$ cat final03.txt   # compact mmCIF, C-alpha atoms
# COMPACT_ATOMS: atom_id res chain seq x y z
CA MET A 1 63.17 15.81 8.05
CA ILE A 2 62.89 12.96 10.52
CA ASN A 3 61.11 15.19 13.00
CA ARG A 4 58.77 16.44 10.27
CA ARG A 5 57.92 12.90 9.20
CA SER A 6 57.40 11.86 12.80
CA THR A 7 55.15 14.85 13.35
CA LEU A 8 53.09 14.10 10.22
CA LYS A 9 52.83 10.45 11.22
CA SER A 10 51.70 11.43 14.70
CA LEU A 11 49.11 13.80 13.25
CA ALA A 12 47.84 11.12 10.90
CA LEU A 13 47.59 8.57 13.68
CA GLY A 14 45.87 11.13 15.84
CA ALA A 15 43.33 11.86 13.12
CA VAL A 16 42.65 8.16 12.67
CA SER A 17 42.24 7.74 16.41
CA PHE A 18 39.87 10.72 16.55
CA LEU A 19 37.74 9.31 13.72
CA ALA A 20 37.72 5.94 15.42
CA ILE A 21 36.53 7.55 18.64
CA VAL A 22 33.80 9.48 16.79
CA ALA A 23 32.70 6.38 14.89
CA GLY A 24 32.82 4.32 18.04
CA GLY A 25 30.74 6.92 19.84
CA ALA A 26 28.14 6.92 17.07
CA PHE A 27 28.05 3.13 17.09
CA SER A 28 27.73 3.12 20.87
CA ALA A 29 24.86 5.61 20.74
CA GLN A 30 23.15 3.51 18.08
CA ALA A 31 23.68 0.38 20.15
CA GLU A 32 22.09 2.06 23.17
CA ASN A 33 18.84 2.70 21.29
CA LYS A 34 15.87 0.58 22.18
CA GLU A 35 14.25 -1.63 19.55
CA LEU A 36 10.75 -1.07 18.18
CA LYS A 37 9.44 -4.04 16.23
CA ILE A 38 6.81 -3.35 13.58
CA GLY A 39 5.28 -6.38 11.90
CA PHE A 40 4.09 -7.27 8.42
CA VAL A 41 1.71 -10.14 7.68
CA GLY A 42 0.70 -10.38 4.03
CA VAL A 43 1.23 -11.92 0.63
CA THR A 44 4.71 -11.81 -0.90
CA SER A 45 4.47 -14.84 -3.17
CA GLY A 46 2.09 -16.01 -5.91
CA PRO A 47 -0.04 -13.95 -8.35
CA ALA A 48 -0.73 -11.18 -5.81
CA ALA A 49 2.85 -10.95 -4.53
CA ALA A 50 3.35 -7.39 -5.80
CA TRP A 51 0.82 -6.10 -3.23
CA GLY A 52 2.73 -7.37 -0.20
CA THR A 53 6.20 -6.97 -1.66
CA SER A 54 5.64 -3.24 -2.05
CA ASN A 55 4.56 -3.14 1.62
CA VAL A 56 7.67 -4.89 2.88
CA ARG A 57 10.10 -2.99 0.68
CA SER A 58 8.56 0.35 1.63
CA MET A 59 8.80 -0.47 5.32
CA GLN A 60 12.37 -1.72 5.07
CA THR A 61 13.50 1.28 3.03
CA ARG A 62 12.03 3.78 5.47
CA ALA A 63 13.20 1.86 8.56
CA ASP A 64 16.78 1.72 7.25
CA TRP A 65 16.65 5.44 6.53
CA LEU A 66 15.36 6.35 10.01
CA ASN A 67 17.88 4.07 11.71
CA GLU A 68 20.65 5.61 9.63
CA MET A 69 19.65 9.02 11.00
CA GLY A 70 20.04 7.78 14.58
CA GLY A 71 16.66 6.20 15.22
CA VAL A 72 13.27 7.56 16.22
CA LYS A 73 12.70 9.62 19.37
CA ILE A 74 9.47 8.59 21.09
CA GLY A 75 8.96 10.19 24.48
CA GLU A 76 12.20 9.96 26.47
CA ASP A 77 13.61 7.04 24.49
CA THR A 78 15.13 6.57 21.04
CA TYR A 79 14.31 3.46 19.03
CA ASN A 80 15.78 1.58 16.11
CA ILE A 81 13.01 0.24 13.87
CA ASN A 82 13.05 -3.50 13.17
CA ILE A 83 10.65 -4.80 10.49
CA VAL A 84 9.48 -8.38 11.16
CA THR A 85 7.82 -10.00 8.14
CA PHE A 86 5.64 -13.04 7.50
CA ASP A 87 4.46 -14.25 4.07
CA ASP A 88 0.89 -15.50 4.45
CA GLN A 89 0.82 -16.68 0.80
CA LYS A 90 -2.68 -15.22 0.52
CA ASP A 91 -3.91 -18.02 2.79
CA PRO A 92 -6.17 -16.98 5.72
CA LYS A 93 -4.84 -19.82 7.91
CA ARG A 94 -1.28 -18.70 7.36
CA ALA A 95 -2.33 -15.11 8.06
CA ILE A 96 -3.63 -16.23 11.46
CA ALA A 97 -0.35 -18.03 12.13
CA GLY A 98 1.54 -14.90 11.15
CA MET A 99 -0.45 -12.68 13.48
CA GLU A 100 0.03 -15.15 16.33
CA LYS A 101 3.78 -15.03 15.64
CA MET A 102 3.67 -11.24 15.95
CA ALA A 103 1.85 -11.52 19.27
CA GLN A 104 4.44 -13.99 20.57
CA GLU A 105 7.18 -11.48 19.72
CA GLY A 106 5.37 -8.72 21.62
CA ILE A 107 4.57 -6.74 18.48
CA HIS A 108 1.58 -4.40 18.84
CA TYR A 109 1.53 -2.81 15.36
CA VAL A 110 1.29 -4.87 12.16
CA VAL A 111 0.92 -3.84 8.53
CA GLY A 112 -1.30 -6.14 6.42
CA PRO A 113 -2.86 -8.49 5.41
CA ASN A 114 -3.41 -7.53 1.76
CA VAL A 115 -6.71 -9.28 1.01
CA ASP A 116 -10.19 -9.48 2.52
CA ASP A 117 -10.09 -13.10 3.73
CA GLY A 118 -6.78 -12.68 5.51
CA ALA A 119 -7.74 -9.38 7.12
CA ALA A 120 -10.99 -10.87 8.44
CA ALA A 121 -9.30 -14.07 9.63
CA VAL A 122 -6.75 -12.30 11.84
CA ARG A 123 -9.25 -10.03 13.55
CA PRO A 124 -9.86 -12.30 16.61
CA VAL A 125 -6.10 -12.66 17.21
CA ALA A 126 -5.47 -8.93 16.83
CA GLU A 127 -8.29 -7.99 19.20
CA SER A 128 -7.44 -10.59 21.85
CA LYS A 129 -3.67 -9.97 21.75
CA GLY A 130 -3.74 -6.18 21.65
CA ILE A 131 -2.57 -5.60 18.08
CA ILE A 132 -3.49 -2.70 15.81
CA TYR A 133 -3.22 -3.84 12.20
CA PHE A 134 -3.33 -1.97 8.90
CA PRO A 135 -4.97 -4.13 6.19
CA TYR A 136 -5.21 -3.39 2.50
CA ALA A 137 -8.65 -4.97 2.40
CA PHE A 138 -12.05 -3.41 1.93
CA PRO A 139 -14.86 -5.09 3.96
CA LYS A 140 -16.51 -2.36 6.01
CA ALA A 141 -17.11 -4.77 8.90
CA LEU A 142 -13.37 -4.62 9.66
CA TYR A 143 -13.50 -0.88 10.35
CA THR A 144 -16.99 -0.23 11.71
CA PRO A 145 -17.98 -0.66 15.39
CA PRO A 146 -17.67 -2.90 17.30
CA ALA A 147 -14.44 -3.63 15.37
CA SER A 148 -11.74 -1.14 16.33
CA ASN A 149 -8.29 -2.70 15.82
CA ALA A 150 -8.09 -2.54 12.01
CA VAL A 151 -7.10 0.62 10.13
CA LEU A 152 -7.56 0.71 6.35
CA GLY A 153 -4.20 1.53 4.79
CA MET A 154 -5.41 2.83 1.44
CA VAL A 155 -8.42 4.15 -0.49
CA ALA A 156 -11.17 1.53 -0.76
CA ASN A 157 -12.72 0.43 -4.04
CA TYR A 158 -16.13 1.75 -2.92
CA GLN A 159 -14.45 5.13 -2.51
CA SER A 160 -12.33 5.13 -5.68
CA GLY A 161 -14.80 3.26 -7.90
CA PRO A 162 -17.51 5.93 -7.89
CA ALA A 163 -14.87 8.61 -8.49
CA ILE A 164 -13.45 6.72 -11.49
CA TYR A 165 -16.87 5.93 -13.02
CA LYS A 166 -18.02 9.52 -12.55
CA TYR A 167 -14.87 10.85 -14.21
CA LEU A 168 -15.18 8.46 -17.15
CA LYS A 169 -18.88 9.20 -17.55
CA GLU A 170 -18.28 12.95 -17.63
CA ASN A 171 -15.01 12.99 -19.58
CA LYS A 172 -14.99 9.85 -21.75
CA GLY A 173 -18.67 9.38 -22.50
CA VAL A 174 -18.97 6.03 -20.71
CA LYS A 175 -22.57 4.76 -20.58
CA LYS A 176 -22.35 0.93 -20.53
CA VAL A 177 -20.22 -0.96 -18.00
CA ALA A 178 -19.31 -4.65 -17.66
CA PHE A 179 -17.72 -6.29 -14.62
CA ILE A 180 -15.64 -9.45 -14.34
CA ALA A 181 -14.08 -10.87 -11.17
CA ALA A 182 -12.16 -13.86 -9.87
CA ASN A 183 -14.41 -16.35 -8.10
CA GLU A 184 -13.10 -15.41 -4.63
CA SER A 185 -14.67 -13.41 -1.83
CA ASP A 186 -12.32 -10.41 -2.14
CA PRO A 187 -12.84 -9.60 -5.84
CA LEU A 188 -16.51 -10.62 -5.70
CA SER A 189 -17.09 -8.14 -2.89
CA GLN A 190 -15.33 -5.43 -4.86
CA ARG A 191 -17.41 -6.28 -7.92
CA ASP A 192 -20.66 -5.97 -6.00
CA SER A 193 -19.61 -2.56 -4.63
CA GLY A 194 -18.62 -1.44 -8.12
CA VAL A 195 -21.89 -2.56 -9.64
CA ALA A 196 -23.87 -0.68 -6.99
CA ALA A 197 -21.80 2.48 -7.54
CA ALA A 198 -22.17 2.30 -11.33
CA LYS A 199 -25.94 1.90 -11.11
CA GLU A 200 -26.20 4.78 -8.66
CA LEU A 201 -24.45 6.98 -11.22
CA GLY A 202 -27.05 6.02 -13.82
CA LEU A 203 -24.71 3.79 -15.86
CA GLU A 204 -26.07 0.71 -17.61
CA VAL A 205 -24.46 -2.45 -16.21
CA VAL A 206 -24.49 -5.05 -19.00
CA ALA A 207 -22.53 -7.77 -17.17
CA GLU A 208 -22.21 -8.30 -13.42
CA LYS A 209 -22.06 -12.06 -12.78
CA ASP A 210 -19.14 -13.22 -14.94
CA THR A 211 -16.29 -14.87 -13.00
CA TYR A 212 -13.09 -16.86 -13.52
CA GLN A 213 -10.85 -19.07 -11.41
CA ASN A 214 -7.79 -17.25 -10.08
CA ASP A 215 -5.39 -19.72 -11.70
CA THR A 216 -6.88 -19.15 -15.18
CA ARG A 217 -4.35 -18.38 -17.90
CA ASP A 218 -6.60 -18.34 -20.98
CA PHE A 219 -9.27 -15.70 -20.50
CA THR A 220 -10.67 -15.83 -24.03
CA PRO A 221 -13.67 -18.08 -23.23
CA VAL A 222 -14.89 -15.98 -20.28
CA LEU A 223 -14.33 -12.64 -22.01
CA THR A 224 -15.88 -13.53 -25.38
CA PRO A 225 -19.54 -13.04 -24.33
CA ILE A 226 -18.67 -9.83 -22.47
CA VAL A 227 -16.85 -8.30 -25.45
CA GLN A 228 -19.86 -9.12 -27.64
CA LEU A 229 -21.97 -6.87 -25.39
CA LYS A 230 -19.77 -3.92 -26.45
CA PRO A 231 -19.47 -2.14 -23.09
CA ASP A 232 -17.80 1.27 -22.97
CA LEU A 233 -15.92 0.21 -19.84
CA LEU A 234 -14.70 -3.20 -18.69
CA VAL A 235 -13.97 -3.30 -14.95
CA LEU A 236 -11.54 -5.94 -13.66
CA SER A 237 -12.79 -6.13 -10.08
CA GLY A 238 -10.12 -6.94 -7.49
CA VAL A 239 -7.78 -8.22 -10.17
CA ALA A 240 -4.41 -9.58 -9.02
CA PRO A 241 -1.36 -7.95 -10.66
CA ALA A 242 -0.37 -11.19 -12.43
CA ASN A 243 -3.84 -11.61 -14.00
CA ALA A 244 -4.42 -8.03 -15.14
CA PRO A 245 -2.18 -8.18 -18.26
CA LEU A 246 -3.64 -11.55 -19.28
CA LEU A 247 -7.19 -10.20 -19.10
CA ILE A 248 -6.23 -7.01 -20.94
CA ARG A 249 -4.43 -8.92 -23.70
CA ALA A 250 -7.33 -11.36 -24.16
CA ALA A 251 -9.89 -8.53 -24.35
CA ARG A 252 -7.87 -6.58 -26.91
CA GLU A 253 -7.16 -9.64 -29.04
CA LEU A 254 -10.90 -10.32 -29.10
CA GLY A 255 -11.36 -6.87 -30.63
CA TYR A 256 -12.51 -4.96 -27.57
CA GLU A 257 -11.83 -1.25 -28.12
CA GLY A 258 -13.41 0.27 -24.99
CA LEU A 259 -11.84 1.38 -21.73
CA ILE A 260 -10.53 -1.06 -19.11
CA SER A 261 -10.14 -0.22 -15.42
CA ALA A 262 -9.50 -1.68 -11.97
CA GLU A 263 -9.84 -0.34 -8.43
CA THR A 264 -6.82 -2.32 -7.23
CA ALA A 265 -3.27 -1.00 -7.60
CA GLN A 266 -1.14 -2.62 -10.27
CA ASP A 267 2.52 -3.10 -11.21
CA ALA A 268 3.75 -1.21 -14.29
CA THR A 269 6.52 -3.72 -15.00
CA VAL A 270 4.13 -6.67 -14.89
CA LEU A 271 1.68 -4.87 -17.19
CA GLN A 272 4.40 -3.99 -19.68
CA GLU A 273 5.88 -7.48 -19.72
CA GLY A 274 2.49 -9.22 -19.93
CA ALA A 275 0.52 -6.96 -22.26
CA GLY A 276 2.89 -4.35 -23.69
CA GLU A 277 1.19 -1.64 -25.74
CA LEU A 278 -2.13 -3.48 -25.42
CA ALA A 279 -2.22 -2.20 -21.83
CA ASN A 280 -2.05 1.44 -22.95
CA GLY A 281 -5.09 3.30 -21.63
CA PHE A 282 -5.62 0.90 -18.70
CA ILE A 283 -6.95 2.86 -15.71
CA SER A 284 -6.29 1.92 -12.09
CA VAL A 285 -5.76 3.34 -8.63
CA GLY A 286 -2.12 4.30 -8.46
CA GLY A 287 0.26 5.06 -5.65
CA ALA A 288 -0.61 8.07 -3.52
CA SER A 289 1.85 10.36 -5.25
CA THR A 290 2.40 12.21 -8.49
CA PRO A 291 5.46 14.21 -9.58
CA GLU A 292 3.44 17.39 -9.03
CA ILE A 293 2.72 16.75 -5.34
CA ARG A 294 5.92 14.94 -4.27
CA THR A 295 8.11 16.49 -1.60
CA PRO A 296 11.92 16.16 -1.56
CA VAL A 297 11.48 13.45 1.11
CA MET A 298 9.29 11.44 -1.27
CA GLU A 299 11.83 11.87 -4.05
CA GLU A 300 14.58 10.60 -1.76
CA PHE A 301 12.42 7.68 -0.65
CA ILE A 302 11.95 6.62 -4.28
CA ASP A 303 15.68 6.96 -4.89
CA ARG A 304 16.60 4.92 -1.80
CA TYR A 305 14.01 2.24 -2.61
CA THR A 306 15.27 1.95 -6.19
CA LYS A 307 18.91 1.68 -5.12
CA LYS A 308 18.05 -0.91 -2.48
CA PHE A 309 15.91 -3.18 -4.67
CA GLY A 310 16.93 -2.32 -8.22
CA GLU A 311 13.43 -1.21 -9.19
CA TYR A 312 10.50 0.83 -7.93
CA ASN A 313 6.86 -0.16 -7.57
CA ASP A 314 4.39 2.72 -8.04
CA GLU A 315 2.14 1.15 -5.41
CA SER A 316 4.79 1.95 -2.82
CA ASN A 317 3.71 5.58 -3.12
CA THR A 318 0.77 4.39 -1.03
CA LYS A 319 2.47 1.66 1.00
CA VAL A 320 5.07 4.08 2.40
CA TYR A 321 2.41 5.63 4.62
CA ALA A 322 1.56 2.87 7.13
CA LEU A 323 4.90 2.84 8.95
CA GLU A 324 4.98 6.64 8.99
CA TYR A 325 1.52 6.81 10.59
CA ILE A 326 2.47 4.27 13.24
CA ILE A 327 5.64 6.10 14.21
CA GLU A 328 4.12 9.58 14.19
CA THR A 329 1.12 8.45 16.26
CA LEU A 330 3.46 6.86 18.81
CA LYS A 331 5.40 10.13 18.94
CA ALA A 332 2.16 11.96 19.65
CA ASN A 333 1.37 9.58 22.52
CA PRO A 334 4.37 7.54 23.78
CA LYS A 335 2.07 5.57 26.11
CA ALA A 336 0.83 3.78 22.99
CA ILE A 337 4.15 1.94 22.64
CA ASP A 338 2.74 -0.87 24.80
CA ASP A 339 -0.95 0.06 24.93
CA VAL A 340 -3.04 0.05 21.75
CA GLU A 341 -5.97 1.60 23.59
CA GLU A 342 -3.85 4.74 23.95
CA PHE A 343 -3.17 4.57 20.20
CA LYS A 344 -6.93 4.45 19.50
CA LYS A 345 -7.53 7.50 21.70
CA THR A 346 -4.90 9.45 19.82
CA MET A 347 -6.31 8.66 16.38
CA ASP A 348 -9.35 10.91 16.78
CA THR A 349 -7.32 14.12 17.13
CA PHE A 350 -4.02 13.11 15.52
CA SER A 351 -2.45 15.42 12.97
CA ALA A 352 1.10 15.74 11.65
CA PRO A 353 2.84 17.18 8.58
CA ASN A 354 2.85 14.85 5.59
CA PRO A 355 6.50 14.28 4.64
CA TYR A 356 5.60 12.79 1.26
CA ALA A 357 3.00 15.12 -0.29
CA LYS A 358 2.99 18.91 -0.55
CA ASP A 359 0.31 20.88 1.29
CA SER A 360 -0.96 17.72 2.95
CA THR A 361 -1.48 16.43 6.48
CA LEU A 362 -1.26 13.00 8.08
CA LYS A 363 -4.60 12.32 9.75
CA TYR A 364 -7.04 9.50 10.27
CA VAL A 365 -10.25 9.56 8.23
CA GLY A 366 -13.10 7.17 7.46
CA ALA A 367 -15.85 8.65 9.62
CA THR A 368 -18.15 8.88 6.59
CA SER A 369 -17.56 5.30 5.44
CA PHE A 370 -17.16 3.56 8.80
CA GLY A 371 -18.63 5.77 11.51
CA GLN A 372 -15.20 6.11 13.13
CA LYS A 373 -11.70 7.15 12.10
CA ARG A 374 -10.20 3.88 10.98
CA GLN A 375 -8.50 4.82 7.71
CA LEU A 376 -5.21 6.47 6.75
CA SER A 377 -5.62 9.68 4.80
CA VAL A 378 -3.58 9.21 1.62
CA PRO A 379 -4.07 11.05 -1.69
CA MET A 380 -6.37 9.16 -4.07
CA VAL A 381 -4.37 9.06 -7.29
CA VAL A 382 -6.01 7.51 -10.36
CA THR A 383 -3.60 6.62 -13.14
CA GLU A 384 -3.59 5.68 -16.81
CA PHE A 385 -0.99 3.25 -18.15
CA LYS A 386 0.97 4.34 -21.21
CA ASP A 387 4.16 2.96 -22.74
CA GLY A 388 5.38 1.19 -19.63
CA GLN A 389 4.52 3.88 -17.10
CA PHE A 390 1.58 5.17 -15.07
CA GLN A 391 0.47 8.71 -15.83
CA THR A 392 -1.79 10.67 -13.48
CA LEU A 393 -5.41 10.92 -14.61
CA PHE A 394 -6.73 12.79 -11.57
CA VAL A 395 -6.18 13.18 -7.80
CA GLY A 396 -8.89 13.11 -5.13
CA GLU A 397 -9.27 12.53 -1.39
CA VAL A 398 -11.40 10.61 1.07
CA ASP A 399 -13.25 12.02 4.11

$ encode --input "final03.txt" --output "structure tokens"
Amino acid sequence: MINRRSTLKSLALGAVSFLAIVAGGAFSAQAENKELKIGFVGVTSGPAAAWGTSNVRSMQTRADWLNEMGGVKIGEDTYNINIVTFDDQKDPKRAIAGMEKMAQEGIHYVVGPNVDDGAAAVRPVAESKGIIYFPYAFPKALYTPPASNAVLGMVANYQSGPAIYKYLKENKGVKKVAFIAANESDPLSQRDSGVAAAKELGLEVVAEKDTYQNDTRDFTPVLTPIVQLKPDLLVLSGVAPANAPLLIRAARELGYEGLISAETAQDATVLQEGAGELANGFISVGGASTPEIRTPVMEEFIDRYTKKFGEYNDESNTKVYALEYIIETLKANPKAIDDVEEFKKTMDTFSAPNPYAKDSTLKYVGATSFGQKRQLSVPMVVTEFKDGQFQTLFVGEVD
């Protein structure tokens, strides 16, 4: 009996020692990996916080997942991904400071900023310091020659707007459109693009100059004259997630019964909490995924994100792509790790399987809009809000 117990004890200790060796070996291998820093400079506080928060959470979720699997093999080396973040508070000056911080840390690839002013402000730093950045901002000057360091991370309003208006004209009988925008360069630019697209489609634009201050909380005065014009569609140009439910609620309480849309992505939780059933029927650009086109990898990403943060933001269906494009492009040309000019060369011919959408490919697009490939190809998903959730209205793509 004593010998048997001794033998069992020895076996148990041996098993523990073996597991310790295996675990230690795995830890050692992980520790030997190099570090690849990827930056984020964008808004994670204030009314537009949802835009940047979904960026950061998507990047962190995917980075943790890749590191858990042993890191990323690029050329002869394996890297652990380290996400370095900076909240620019939607302030162009802070965005510049954030990009300078990235340069000081030797970071060559940065996701963000999330708005036009910030994306334009950081351009000189990015170009002088050798940084490729992926803004969620729409000015064409950022992506057309001679600019070459910015890559649009999503579908632009002047790409989605015409698609939405055309769909609503053909399927919902929309004839009259009204626009309202915050009195800031980003939403005003989006409004002007939307107005031009609506007119080109032969729609009657009954309001195109109405604005509000971004800190407005009572939208009744500014919406009253617009509602009286009885448009078929009210477009909330460049609306921040925190303001969208307030505008929707005010319009509905004034008796507006037409359609309401936006070309900026929104947060379902914020809409539900701020407007409830009054937000039903609200149309916006959603995340680049629908249940019908999701791969198992996308399903697992959503599950990991939800477990990590306790909730999921539909916009992360789009924001998951930037980090993936950076990593896959570096895999295609390892020289680009320290040389963004090599990255630019690779973009023209780059192609890789899309891990998140069925029958889809990762590739750079934008030649039609910008004269060069400076845009990520992500599915253009247009959604309709209903009972606390976004439902797919239609899916398109950008050249």

$ residues_around --input "final03.txt" --residues "Gly52 in chain A" --least-positions-apart "5" --cutoff "6 Å" --atoms "all atoms listed in the file" --output "VMD selection string"
chain A and resid 42 to 44

$ atom_distance --input "final03.txt" --atom1 "CA of Ala332 in chain A" --atom2 "CA of Glu76 in chain A"
12.3 Å

$ closest_residue --input "final03.txt" --among "A:Glu311, A:Glu253, A:Glu324, A:Asp186" --to "Met59 in chain A" --atoms "only C-alpha atoms"
A:Glu324

$ atom_distance --input "final03.txt" --atom1 "CA of Val155 in chain A" --atom2 "CA of Tyr109 in chain A"
20.0 Å

$ atom_distance --input "final03.txt" --atom1 "CA of Arg217 in chain A" --atom2 "CA of Val174 in chain A"
28.6 Å

$ build_atoms --input "final03.txt" --residues "range 230-258 of chain A" --atoms "N, CA and C atoms" --output "tab-separated table (two decimals), in the coordinates of the input"
chain	number	residue	atom	x	y	z
A	230	LYS	N	-20.31	-5.23	-26.10
A	230	LYS	CA	-19.77	-3.92	-26.45
A	230	LYS	C	-19.94	-2.87	-25.34
A	231	PRO	N	-19.42	-3.16	-24.14
A	231	PRO	CA	-19.47	-2.14	-23.09
A	231	PRO	C	-18.48	-1.01	-23.39
A	232	ASP	N	-18.75	0.16	-22.84
A	232	ASP	CA	-17.80	1.27	-22.97
A	232	ASP	C	-16.64	1.11	-21.99
A	233	LEU	N	-16.93	0.41	-20.87
A	233	LEU	CA	-15.92	0.21	-19.84
A	233	LEU	C	-15.97	-1.21	-19.32
A	234	LEU	N	-14.82	-1.86	-19.27
A	234	LEU	CA	-14.70	-3.20	-18.69
A	234	LEU	C	-13.94	-3.06	-17.38
A	235	VAL	N	-14.59	-3.43	-16.27
A	235	VAL	CA	-13.97	-3.30	-14.95
A	235	VAL	C	-13.46	-4.67	-14.49
A	236	LEU	N	-12.16	-4.73	-14.17
A	236	LEU	CA	-11.54	-5.94	-13.66
A	236	LEU	C	-11.54	-5.85	-12.13
A	237	SER	N	-12.60	-6.31	-11.53
A	237	SER	CA	-12.79	-6.13	-10.08
A	237	SER	C	-11.78	-6.94	-9.28
A	238	GLY	N	-11.05	-6.26	-8.39
A	238	GLY	CA	-10.12	-6.94	-7.49
A	238	GLY	C	-9.06	-7.76	-8.18
A	239	VAL	N	-8.68	-7.38	-9.38
A	239	VAL	CA	-7.78	-8.22	-10.17
A	239	VAL	C	-6.37	-8.23	-9.58
A	240	ALA	N	-5.78	-9.43	-9.49
A	240	ALA	CA	-4.41	-9.58	-9.02
A	240	ALA	C	-3.45	-9.07	-10.09
A	241	PRO	N	-2.31	-8.50	-9.69
A	241	PRO	CA	-1.36	-7.95	-10.66
A	241	PRO	C	-0.94	-8.93	-11.75
A	242	ALA	N	-0.81	-10.21	-11.43
A	242	ALA	CA	-0.37	-11.19	-12.43
A	242	ALA	C	-1.46	-11.49	-13.46
A	243	ASN	N	-2.73	-11.31	-13.09
A	243	ASN	CA	-3.84	-11.61	-14.00
A	243	ASN	C	-4.25	-10.44	-14.87
A	244	ALA	N	-3.98	-9.23	-14.40
A	244	ALA	CA	-4.42	-8.03	-15.14
A	244	ALA	C	-3.93	-8.02	-16.59
A	245	PRO	N	-2.62	-8.23	-16.86
A	245	PRO	CA	-2.18	-8.18	-18.26
A	245	PRO	C	-2.77	-9.29	-19.12
A	246	LEU	N	-3.04	-10.45	-18.52
A	246	LEU	CA	-3.64	-11.55	-19.28
A	246	LEU	C	-5.06	-11.21	-19.70
A	247	LEU	N	-5.82	-10.61	-18.79
A	247	LEU	CA	-7.19	-10.20	-19.10
A	247	LEU	C	-7.19	-9.09	-20.14
A	248	ILE	N	-6.30	-8.13	-19.99
A	248	ILE	CA	-6.23	-7.01	-20.94
A	248	ILE	C	-5.88	-7.53	-22.33
A	249	ARG	N	-4.86	-8.38	-22.40
A	249	ARG	CA	-4.43	-8.92	-23.70
A	249	ARG	C	-5.56	-9.70	-24.36
A	250	ALA	N	-6.24	-10.55	-23.59
A	250	ALA	CA	-7.33	-11.36	-24.16
A	250	ALA	C	-8.45	-10.47	-24.68
A	251	ALA	N	-8.82	-9.43	-23.92
A	251	ALA	CA	-9.89	-8.53	-24.35
A	251	ALA	C	-9.52	-7.81	-25.64
A	252	ARG	N	-8.31	-7.30	-25.71
A	252	ARG	CA	-7.87	-6.58	-26.91
A	252	ARG	C	-7.77	-7.50	-28.12
A	253	GLU	N	-7.29	-8.70	-27.92
A	253	GLU	CA	-7.16	-9.64	-29.04
A	253	GLU	C	-8.51	-10.13	-29.54
A	254	LEU	N	-9.53	-9.99	-28.68
A	254	LEU	CA	-10.90	-10.32	-29.10
A	254	LEU	C	-11.56	-9.14	-29.82
A	255	GLY	N	-10.84	-8.03	-29.91
A	255	GLY	CA	-11.36	-6.87	-30.63
A	255	GLY	C	-12.01	-5.81	-29.76
A	256	TYR	N	-11.90	-5.96	-28.45
A	256	TYR	CA	-12.51	-4.96	-27.57
A	256	TYR	C	-11.75	-3.63	-27.68
A	257	GLU	N	-12.47	-2.54	-27.92
A	257	GLU	CA	-11.83	-1.25	-28.12
A	257	GLU	C	-12.20	-0.23	-27.04
A	258	GLY	N	-13.00	-0.65	-26.05
A	258	GLY	CA	-13.41	0.27	-24.99
A	258	GLY	C	-12.35	0.45	-23.92
